[in-house]
$ cat start.cif   # mmCIF, C-alpha atoms
data_upload
loop_
_atom_site.label_atom_id
_atom_site.label_comp_id
_atom_site.auth_asym_id
_atom_site.auth_seq_id
_atom_site.Cartn_x
_atom_site.Cartn_y
_atom_site.Cartn_z
CA MET A 1 151.25 72.29 128.70
CA SER A 2 148.59 73.02 126.07
CA ALA A 3 145.37 74.89 126.75
CA SER A 4 143.36 71.76 126.01
CA THR A 5 145.10 69.73 128.73
CA GLU A 6 144.82 72.51 131.30
CA ALA A 7 141.09 72.98 130.74
CA THR A 8 138.42 71.11 132.70
CA PRO A 9 136.56 68.66 130.42
CA LEU A 10 132.79 68.99 130.20
CA ILE A 11 131.13 66.14 132.10
CA PRO A 12 128.55 64.02 130.21
CA ALA A 13 125.70 65.13 132.49
CA MET A 14 126.30 68.79 131.67
CA ARG A 15 126.59 68.06 127.96
CA LEU A 16 123.29 66.13 128.05
CA LEU A 17 121.52 68.86 130.03
CA LEU A 18 122.56 71.52 127.54
CA TYR A 19 121.37 69.42 124.59
CA VAL A 20 118.00 68.79 126.29
CA ALA A 21 117.63 72.48 127.13
CA ALA A 22 118.46 73.39 123.52
CA PHE A 23 115.74 71.04 122.24
CA LEU A 24 113.15 72.50 124.61
CA VAL A 25 113.86 76.13 123.74
CA PHE A 26 113.87 75.21 120.05
CA LEU A 27 110.31 73.91 120.43
CA ALA A 28 109.21 77.08 122.22
CA GLY A 29 110.83 79.20 119.54
CA LEU A 30 109.15 77.16 116.81
CA VAL A 31 105.66 78.07 118.03
CA LEU A 32 106.48 81.69 118.82
CA PHE A 33 108.54 82.57 115.75
CA VAL A 34 106.82 80.51 113.07
CA PHE A 35 103.23 80.58 114.34
CA PRO A 36 102.90 83.84 116.33
CA LEU A 37 99.16 84.03 115.60
CA ARG A 38 98.45 80.61 117.14
CA THR A 39 99.76 81.12 120.68
CA ALA A 40 96.22 81.03 122.12
CA GLU A 41 95.90 77.46 120.85
CA TRP A 42 99.43 76.07 120.89
CA PHE A 43 101.38 77.93 123.58
CA ALA A 44 101.35 78.14 127.37
CA TRP A 45 99.90 81.67 127.31
CA THR A 46 98.51 84.00 124.69
CA VAL A 47 101.18 86.36 123.38
CA ASN A 48 100.03 89.64 121.83
CA PRO A 49 100.87 91.48 119.64
CA PRO A 50 102.57 89.08 117.18
CA MET A 51 105.72 91.20 117.28
CA THR A 52 106.17 90.19 120.92
CA ALA A 53 105.78 86.52 119.98
CA VAL A 54 108.40 86.67 117.23
CA PHE A 55 110.75 88.68 119.47
CA LEU A 56 110.52 85.98 122.14
CA GLY A 57 110.76 83.24 119.52
CA ALA A 58 113.95 84.76 118.15
CA ALA A 59 115.37 84.87 121.67
CA TYR A 60 114.49 81.21 122.25
CA TRP A 61 116.05 80.10 118.98
CA SER A 62 119.24 82.06 119.58
CA ALA A 63 119.40 80.51 123.07
CA ALA A 64 119.13 77.07 121.45
CA GLY A 65 122.26 77.93 119.50
CA LEU A 66 123.99 79.07 122.70
CA GLU A 67 123.19 75.80 124.44
CA VAL A 68 124.19 73.59 121.51
CA THR A 69 127.48 75.46 121.18
CA GLY A 70 128.02 75.08 124.91
CA ALA A 71 127.22 71.37 124.76
CA ARG A 72 129.71 70.91 121.93
CA SER A 73 132.44 72.70 123.86
CA ALA A 74 135.37 70.59 124.94
CA SER A 75 135.81 72.40 128.25
CA TRP A 76 133.77 73.78 131.12
CA GLU A 77 135.56 77.11 130.76
CA SER A 78 133.79 77.59 127.43
CA ALA A 79 130.48 75.89 128.23
CA ARG A 80 129.88 77.88 131.43
CA LEU A 81 129.20 80.96 129.30
CA ALA A 82 126.10 79.09 128.16
CA VAL A 83 125.16 77.63 131.54
CA TRP A 84 124.92 80.68 133.80
CA PRO A 85 122.83 82.90 131.47
CA VAL A 86 120.42 79.99 130.99
CA PHE A 87 120.18 79.49 134.75
CA VAL A 88 119.51 83.20 135.33
CA PHE A 89 116.88 83.33 132.58
CA THR A 90 115.03 80.17 133.62
CA THR A 91 114.97 81.22 137.27
CA LEU A 92 113.58 84.65 136.42
CA THR A 93 111.03 83.15 134.02
CA LEU A 94 109.84 80.75 136.72
CA GLY A 95 109.23 83.76 138.96
CA VAL A 96 107.39 85.60 136.18
CA THR A 97 105.26 82.51 135.53
CA LEU A 98 104.23 82.13 139.16
CA LEU A 99 103.47 85.85 139.44
CA HIS A 100 101.18 85.75 136.40
CA LEU A 101 99.88 82.20 136.68
CA ASP A 102 96.31 83.39 136.07
CA ARG A 103 97.29 84.29 132.49
CA PHE A 104 98.38 80.77 131.64
CA HIS A 105 96.27 78.18 129.84
CA LEU A 106 95.37 76.00 132.81
CA SER A 107 91.60 76.28 132.48
CA PRO A 108 89.55 73.51 130.82
CA GLU A 109 88.19 76.28 128.60
CA ASN A 110 91.52 76.29 126.79
CA GLY A 111 92.26 73.71 124.15
CA ALA A 112 94.03 70.44 124.94
CA LEU A 113 97.25 71.48 123.18
CA ALA A 114 97.37 74.76 125.08
CA GLN A 115 96.87 72.96 128.40
CA ILE A 116 99.57 70.42 127.57
CA ALA A 117 101.93 73.23 126.59
CA THR A 118 101.20 75.00 129.88
CA TRP A 119 101.88 71.99 132.08
CA ALA A 120 105.04 71.25 130.09
CA TRP A 121 106.10 74.90 130.57
CA LEU A 122 105.56 74.69 134.34
CA ALA A 123 107.46 71.40 134.61
CA ILE A 124 110.37 72.65 132.53
CA TYR A 125 110.81 75.92 134.38
CA ALA A 126 110.47 74.21 137.74
CA MET A 127 113.07 71.56 136.93
CA VAL A 128 115.66 73.21 134.69
CA PRO A 129 117.04 75.74 137.25
CA VAL A 130 117.39 72.98 139.84
CA ALA A 131 119.03 70.66 137.32
CA MET A 132 121.41 73.45 136.29
CA LEU A 133 122.48 73.97 139.90
CA VAL A 134 122.95 70.25 140.63
CA VAL A 135 124.84 69.46 137.43
CA SER A 136 126.93 72.64 137.74
CA TRP A 137 127.92 71.54 141.25
CA MET A 138 128.96 68.15 139.81
CA GLN A 139 130.86 69.90 137.04
CA ILE A 140 132.71 72.23 139.41
CA ARG A 141 133.67 69.31 141.66
CA SER A 142 135.23 67.62 138.64
CA ARG A 143 137.50 70.60 138.00
CA ARG A 144 141.15 69.65 137.89
CA PRO A 145 143.72 71.88 139.63
CA ALA A 146 145.01 74.46 137.18
CA PRO A 147 148.27 76.42 137.18
CA THR A 148 148.13 79.98 138.48
CA SER A 149 148.69 81.25 134.96
CA VAL A 150 145.43 79.65 133.88
CA THR A 151 143.19 80.55 136.81
CA ALA A 152 144.43 84.15 136.92
CA GLY A 153 144.25 84.73 133.18
CA ARG A 154 143.56 88.27 132.05
CA PRO A 155 140.78 89.20 129.60
CA VAL A 156 142.00 88.81 126.04
CA LEU A 157 139.39 90.73 124.06
CA PRO A 158 140.46 94.14 122.71
CA PRO A 159 139.63 97.00 125.10
CA ALA A 160 137.26 98.61 122.58
CA LEU A 161 135.29 95.37 122.19
CA ARG A 162 135.19 94.84 125.95
CA LEU A 163 133.90 98.39 126.40
CA LEU A 164 131.20 97.79 123.79
CA MET A 165 130.14 94.53 125.49
CA VAL A 166 130.08 96.20 128.89
CA GLY A 167 127.88 98.94 127.48
CA ILE A 168 125.52 96.39 125.92
CA ALA A 169 125.42 94.41 129.16
CA GLY A 170 124.64 97.54 131.16
CA VAL A 171 121.77 98.59 128.89
CA LEU A 172 120.24 95.10 128.74
CA LEU A 173 120.59 94.44 132.47
CA CYS A 174 119.23 97.81 133.55
CA PHE A 175 116.27 97.79 131.20
CA GLY A 176 115.61 94.11 131.87
CA VAL A 177 115.49 94.68 135.61
CA ALA A 178 113.19 97.68 135.08
CA LEU A 179 110.78 95.57 132.99
CA LEU A 180 110.78 92.92 135.70
CA ALA A 181 110.37 95.30 138.64
CA ILE A 182 108.16 98.09 137.23
CA PRO A 183 106.71 96.63 134.01
CA ALA A 184 103.88 99.13 133.55
CA TYR A 185 106.25 102.12 133.64
CA ALA A 186 109.23 100.54 131.86
CA ALA A 187 107.00 99.25 129.05
CA THR A 188 106.28 102.85 128.04
CA TRP A 189 109.91 103.00 126.88
CA TRP A 190 109.58 99.84 124.78
CA PRO A 191 108.96 100.37 121.03
CA TRP A 192 105.69 98.39 120.94
CA THR A 193 102.88 97.63 123.37
CA LEU A 194 103.62 95.19 126.21
CA SER A 195 101.38 93.85 128.96
CA GLU A 196 102.79 93.30 132.44
CA LEU A 197 103.33 89.60 131.64
CA THR A 198 105.01 90.17 128.29
CA ALA A 199 107.08 93.03 129.73
CA ARG A 200 108.43 90.73 132.43
CA ALA A 201 108.96 87.91 129.92
CA VAL A 202 111.00 90.27 127.74
CA GLY A 203 112.80 91.55 130.84
CA ALA A 204 113.89 88.03 131.78
CA TRP A 205 115.42 87.62 128.33
CA LEU A 206 117.19 90.98 128.49
CA VAL A 207 118.74 90.10 131.85
CA GLY A 208 119.88 86.71 130.52
CA LEU A 209 121.40 88.28 127.41
CA GLY A 210 123.02 91.04 129.46
CA TRP A 211 124.49 88.48 131.84
CA SER A 212 125.93 86.62 128.84
CA ALA A 213 127.57 89.78 127.48
CA ALA A 214 129.00 90.66 130.89
CA GLN A 215 130.53 87.19 131.24
CA GLY A 216 131.87 87.09 127.71
CA GLN A 217 133.77 90.37 127.91
CA SER A 218 135.96 89.09 130.76
CA SER A 219 136.99 85.84 129.05
CA ALA A 220 140.65 84.91 129.30
CA ASP A 221 140.50 82.65 126.22
CA LEU A 222 139.34 83.75 122.78
CA ARG A 223 137.75 80.37 122.10
CA THR A 224 135.46 80.56 125.14
CA VAL A 225 133.60 83.59 123.80
CA ARG A 226 132.41 81.66 120.73
CA PRO A 227 129.05 80.53 122.24
CA VAL A 228 128.20 84.12 123.20
CA ALA A 229 129.37 85.48 119.85
CA LEU A 230 127.33 82.97 117.83
CA THR A 231 124.27 83.64 119.96
CA SER A 232 124.59 87.40 119.48
CA VAL A 233 124.83 87.12 115.70
CA ALA A 234 121.91 84.67 115.53
CA PHE A 235 119.81 86.88 117.82
CA VAL A 236 120.30 89.93 115.62
CA ILE A 237 119.58 88.05 112.36
CA LEU A 238 116.38 86.57 113.81
CA GLN A 239 115.27 89.92 115.21
CA ALA A 240 115.86 91.49 111.79
CA LEU A 241 113.55 88.87 110.29
CA ALA A 242 111.02 89.60 113.03
CA LEU A 243 111.11 93.30 112.13
CA LEU A 244 110.58 92.50 108.46
CA ARG A 245 107.44 90.55 109.39
CA TYR A 246 105.89 92.71 112.11
CA GLY A 247 107.99 95.86 112.25
CA GLY A 248 104.85 97.91 111.70
CA ALA A 249 104.03 97.32 115.37
CA LEU A 250 106.91 99.62 116.35
CA ALA A 251 106.22 103.31 116.89
CA TRP A 252 108.41 104.72 114.11
CA PRO A 253 110.42 106.92 114.30
CA SER A 254 110.17 107.20 118.07
CA ALA A 255 113.16 107.18 120.41
CA PRO A 256 112.33 103.66 121.72
CA ALA A 257 112.20 102.25 118.16
CA ILE A 258 115.48 103.93 117.19
CA GLY A 259 117.04 102.77 120.46
CA PHE A 260 115.88 99.20 119.85
CA VAL A 261 117.50 99.08 116.41
CA THR A 262 120.65 100.77 117.73
CA VAL A 263 121.07 98.15 120.46
CA LEU A 264 120.52 95.37 117.91
CA LEU A 265 123.25 96.87 115.71
CA ALA A 266 125.59 97.09 118.71
CA ILE A 267 124.92 93.45 119.63
CA GLY A 268 125.52 92.37 116.03
CA THR A 269 128.77 94.34 115.84
CA ALA A 270 130.08 92.93 119.13
CA GLY A 271 129.02 89.40 118.25
CA GLY A 272 130.54 89.49 114.77
CA TRP A 273 133.78 91.00 116.10
CA ALA A 274 134.11 88.43 118.88
CA LEU A 275 133.26 85.58 116.49
CA ALA A 276 135.95 86.72 114.04
CA LEU A 277 138.50 86.86 116.85
CA SER A 278 137.52 83.43 118.19
CA ARG A 279 138.07 81.93 114.73
CA SER A 280 141.32 83.75 114.06
CA PRO A 281 144.56 81.78 113.48
CA GLY A 282 145.86 82.99 116.84
CA ALA A 283 142.89 81.57 118.72
CA GLN A 284 143.10 78.27 116.85
CA ALA A 285 146.82 78.03 117.65
CA GLU A 286 146.03 78.07 121.37
CA ILE A 287 144.38 74.65 121.01
CA SER A 288 147.61 72.92 120.08
#

$ encode --input "start.cif" --output "structure tokens"
Amino acid sequence: MSASTEATPLIPAMRLLLYVAAFLVFLAGLVLFVFPLRTAEWFAWTVNPPMTAVFLGAAYWSAAGLEVTGARSASWESARLAVWPVFVFTTLTLGVTLLHLDRFHLSPENGALAQIATWAWLAIYAMVPVAMLVVSWMQIRSRRPAPTSVTAGRPVLPPALRLLMVGIAGVLLCFGVALLAIPAYAATWWPWTLSELTARAVGAWLVGLGWSAAQGQSSADLRTVRPVALTSVAFVILQALALLRYGGALAWPSAPAIGFVTVLLAIGTAGGWALALSRSPGAQAEIS
């Protein structure tokens, strides 16, 4: 039996949800990455300094790639690597939003576009986690029984790559949780200035990215790591562009700035390595 017949097909509702989510995060990334100086007028909350806006914008755009790749996946086994990190991130961001609701552009004093963006933000983050849970439940119920050899598959990534991904996941998860739980203290270890709101917003992204790396390293199929690999490469490229634009905001050559670049290099290395493996002749042969 081929891998394609053993896998659980992605249901239309999940495919649609991932495409919609990708479109929404693309719009958020468009404002943050392209127009970082206009967040007071065009975004749900004012993001300062601009380096924070482009960092978040790069994260949103790379997530759009993750969701599109997941939506284009033939099987749930591959798409779920896009679903669960998105669910974790959106749930955490909803909590951050409610905790700092006073910072959002809900007042009539803010412009009409900013108010519209804020209400759209609230609606999206209230609905997407619930939709992810409901559609994931539908997807899991559609799962066809699989042979023991499929369900008990062992991780296929090389041990060195798995170790690198585990290390990345550990750093991102630990620092992300610290930014969420103790933002004022943890932000002192970030390479540029963060407020409590922006620290927690960044923390939510770090946890989501760390979750993605942790999931990807245990994959039993080389093809299923492709969404995570593509996202990692896109994230690093976009963050490099962000540094070219606003890298002066970083405290060079401090330990946090050096650590930030080192983690980006590690993510890029792991992503490129995993992407090369997922596109190798051996991985492609598993499809037939």

$ axis_aligned_box --input "start.cif" --around "region 208-222 of chain A" --padding-each-side "5 Å" --output "JSON"
{"center_x": 130.3, "center_y": 86.8, "center_z": 127.3, "size_x": 30.8, "size_y": 18.4, "size_z": 19.1}

$ atom_distance --input "start.cif" --atom1 "CA of Val47 (chain A)" --atom2 "CA of Phe89 (chain A)"
18.4 Å

$ closest_residue --input "start.cif" --among "A:Val83, A:Ala257, A:Ala63, A:Ile267" --to "Phe23 (chain A)" --atoms "all atoms listed in the file"
A:Ala63

$ closest_residue --input "start.cif" --among "A:Arg15, A:Arg200, A:Arg154, A:His105" --to "Thr69 (chain A)" --atoms "all atoms listed in the file"
A:Arg15

$ residues_around --input "start.cif" --residues "Leu173 (chain A)" --least-positions-apart "4" --cutoff "10 Å" --atoms "only C-alpha atoms" --output "list in words"
Gly167, Ile168, Ala169, Val177, Ala178, Leu179, Gly203, Ala204, Trp205, Leu206, Val207, Gly208, Leu209, Gly210, Trp211, Ala213 and Ala214 of chain A

$ atom_distance --input "start.cif" --atom1 "CA of Pro50 (chain A)" --atom2 "CA of Thr198 (chain A)"
11.4 Å

$ residues_around --input "start.cif" --residues "Ile124 (chain A)" --least-positions-apart "2" --cutoff "12 Å" --atoms "only C-alpha atoms" --output "PyMOL selection string"
chain A and resi 20-21+23-25+28+44+90-91+93-94+97+117-122+126-132

$ write_last_selection --input "start.cif" --atoms "C-alpha atoms" --output "JSON list (two decimals), in the frame of the given file"
[["chain", "number", "residue", "atom", "x", "y", "z"],
["A", 20, "VAL", "CA", 118.00, 68.79, 126.29],
["A", 21, "ALA", "CA", 117.63, 72.48, 127.13],
["A", 23, "PHE", "CA", 115.74, 71.04, 122.24],
["A", 24, "LEU", "CA", 113.15, 72.50, 124.61],
["A", 25, "VAL", "CA", 113.86, 76.13, 123.74],
["A", 28, "ALA", "CA", 109.21, 77.08, 122.22],
["A", 44, "ALA", "CA", 101.35, 78.14, 127.37],
["A", 90, "THR", "CA", 115.03, 80.17, 133.62],
["A", 91, "THR", "CA", 114.97, 81.22, 137.27],
["A", 93, "THR", "CA", 111.03, 83.15, 134.02],
["A", 94, "LEU", "CA", 109.84, 80.75, 136.72],
["A", 97, "THR", "CA", 105.26, 82.51, 135.53],
["A", 117, "ALA", "CA", 101.93, 73.23, 126.59],
["A", 118, "THR", "CA", 101.20, 75.00, 129.88],
["A", 119, "TRP", "CA", 101.88, 71.99, 132.08],
["A", 120, "ALA", "CA", 105.04, 71.25, 130.09],
["A", 121, "TRP", "CA", 106.10, 74.90, 130.57],
["A", 122, "LEU", "CA", 105.56, 74.69, 134.34],
["A", 126, "ALA", "CA", 110.47, 74.21, 137.74],
["A", 127, "MET", "CA", 113.07, 71.56, 136.93],
["A", 128, "VAL", "CA", 115.66, 73.21, 134.69],
["A", 129, "PRO", "CA", 117.04, 75.74, 137.25],
["A", 130, "VAL", "CA", 117.39, 72.98, 139.84],
["A", 131, "ALA", "CA", 119.03, 70.66, 137.32],
["A", 132, "MET", "CA", 121.41, 73.45, 136.29]]

$ resolve_selection --input "start.cif" --expression "the PyMOL selection byres ((chain A and resi 114) around 8)" --output "ChimeraX atom specification"
/A:40-45,105,110-113,115-118

$ closest_residue --input "start.cif" --among "A:Val88, A:Ala123, A:Val96, A:Ala187" --to "Pro256 (chain A)" --atoms "only C-alpha atoms"
A:Ala187

$ residues_around --input "start.cif" --residues "Gly65 (chain A)" --least-positions-apart "4" --cutoff "12 Å" --atoms "all atoms listed in the file" --output "number ranges by chain"
A: 18-19, 21-26, 29, 58-61, 69-72, 82, 86, 226-235, 238

$ residues_around --input "start.cif" --residues "Arg162 (chain A)" --least-positions-apart "6" --cutoff "9 Å" --atoms "only C-alpha atoms" --output "PyMOL selection string"
chain A and resi 155+214+216-218+270

$ write_last_selection --input "start.cif" --atoms "C-alpha atoms" --output "compact mmCIF listing (two decimals), in the frame of the given file"
# COMPACT_ATOMS: atom_id res chain seq x y z
CA PRO A 155 140.78 89.20 129.60
CA ALA A 214 129.00 90.66 130.89
CA GLY A 216 131.87 87.09 127.71
CA GLN A 217 133.77 90.37 127.91
CA SER A 218 135.96 89.09 130.76
CA ALA A 270 130.08 92.93 119.13

$ resolve_selection --input "start.cif" --expression "the PyMOL selection byres ((chain A and resi 258-262) around 10)" --output "list in words"
Trp189, Trp190, Pro191, Val236, Gln239, Ala240, Leu243, Leu250, Ala251, Trp252, Pro253, Ser254, Ala255, Pro256, Ala257, Val263, Leu264, Leu265, Ala266, Ile267 and Gly268 of chain A

$ atom_distance --input "start.cif" --atom1 "CA of Asp221 (chain A)" --atom2 "CA of Leu92 (chain A)"
28.9 Å

$ resolve_selection --input "start.cif" --expression "the PyMOL selection byres ((chain A and resi 54) around 7)" --output "NGL selection string"
:A and (32-33 or 36 or 50-53 or 55-58 or 242)

$ residues_near_point --input "start.cif" --point "(137.9, 69.3, 127.3)" --cutoff "7 Å" --atoms "only C-alpha atoms" --output "PyMOL selection string"
chain A and resi 4+7-10+74-75

$ closest_residue --input "start.cif" --among "A:Thr39, A:Thr193, A:Ser219, A:Ser78" --to "Phe104 (chain A)" --atoms "all atoms listed in the file"
A:Thr39
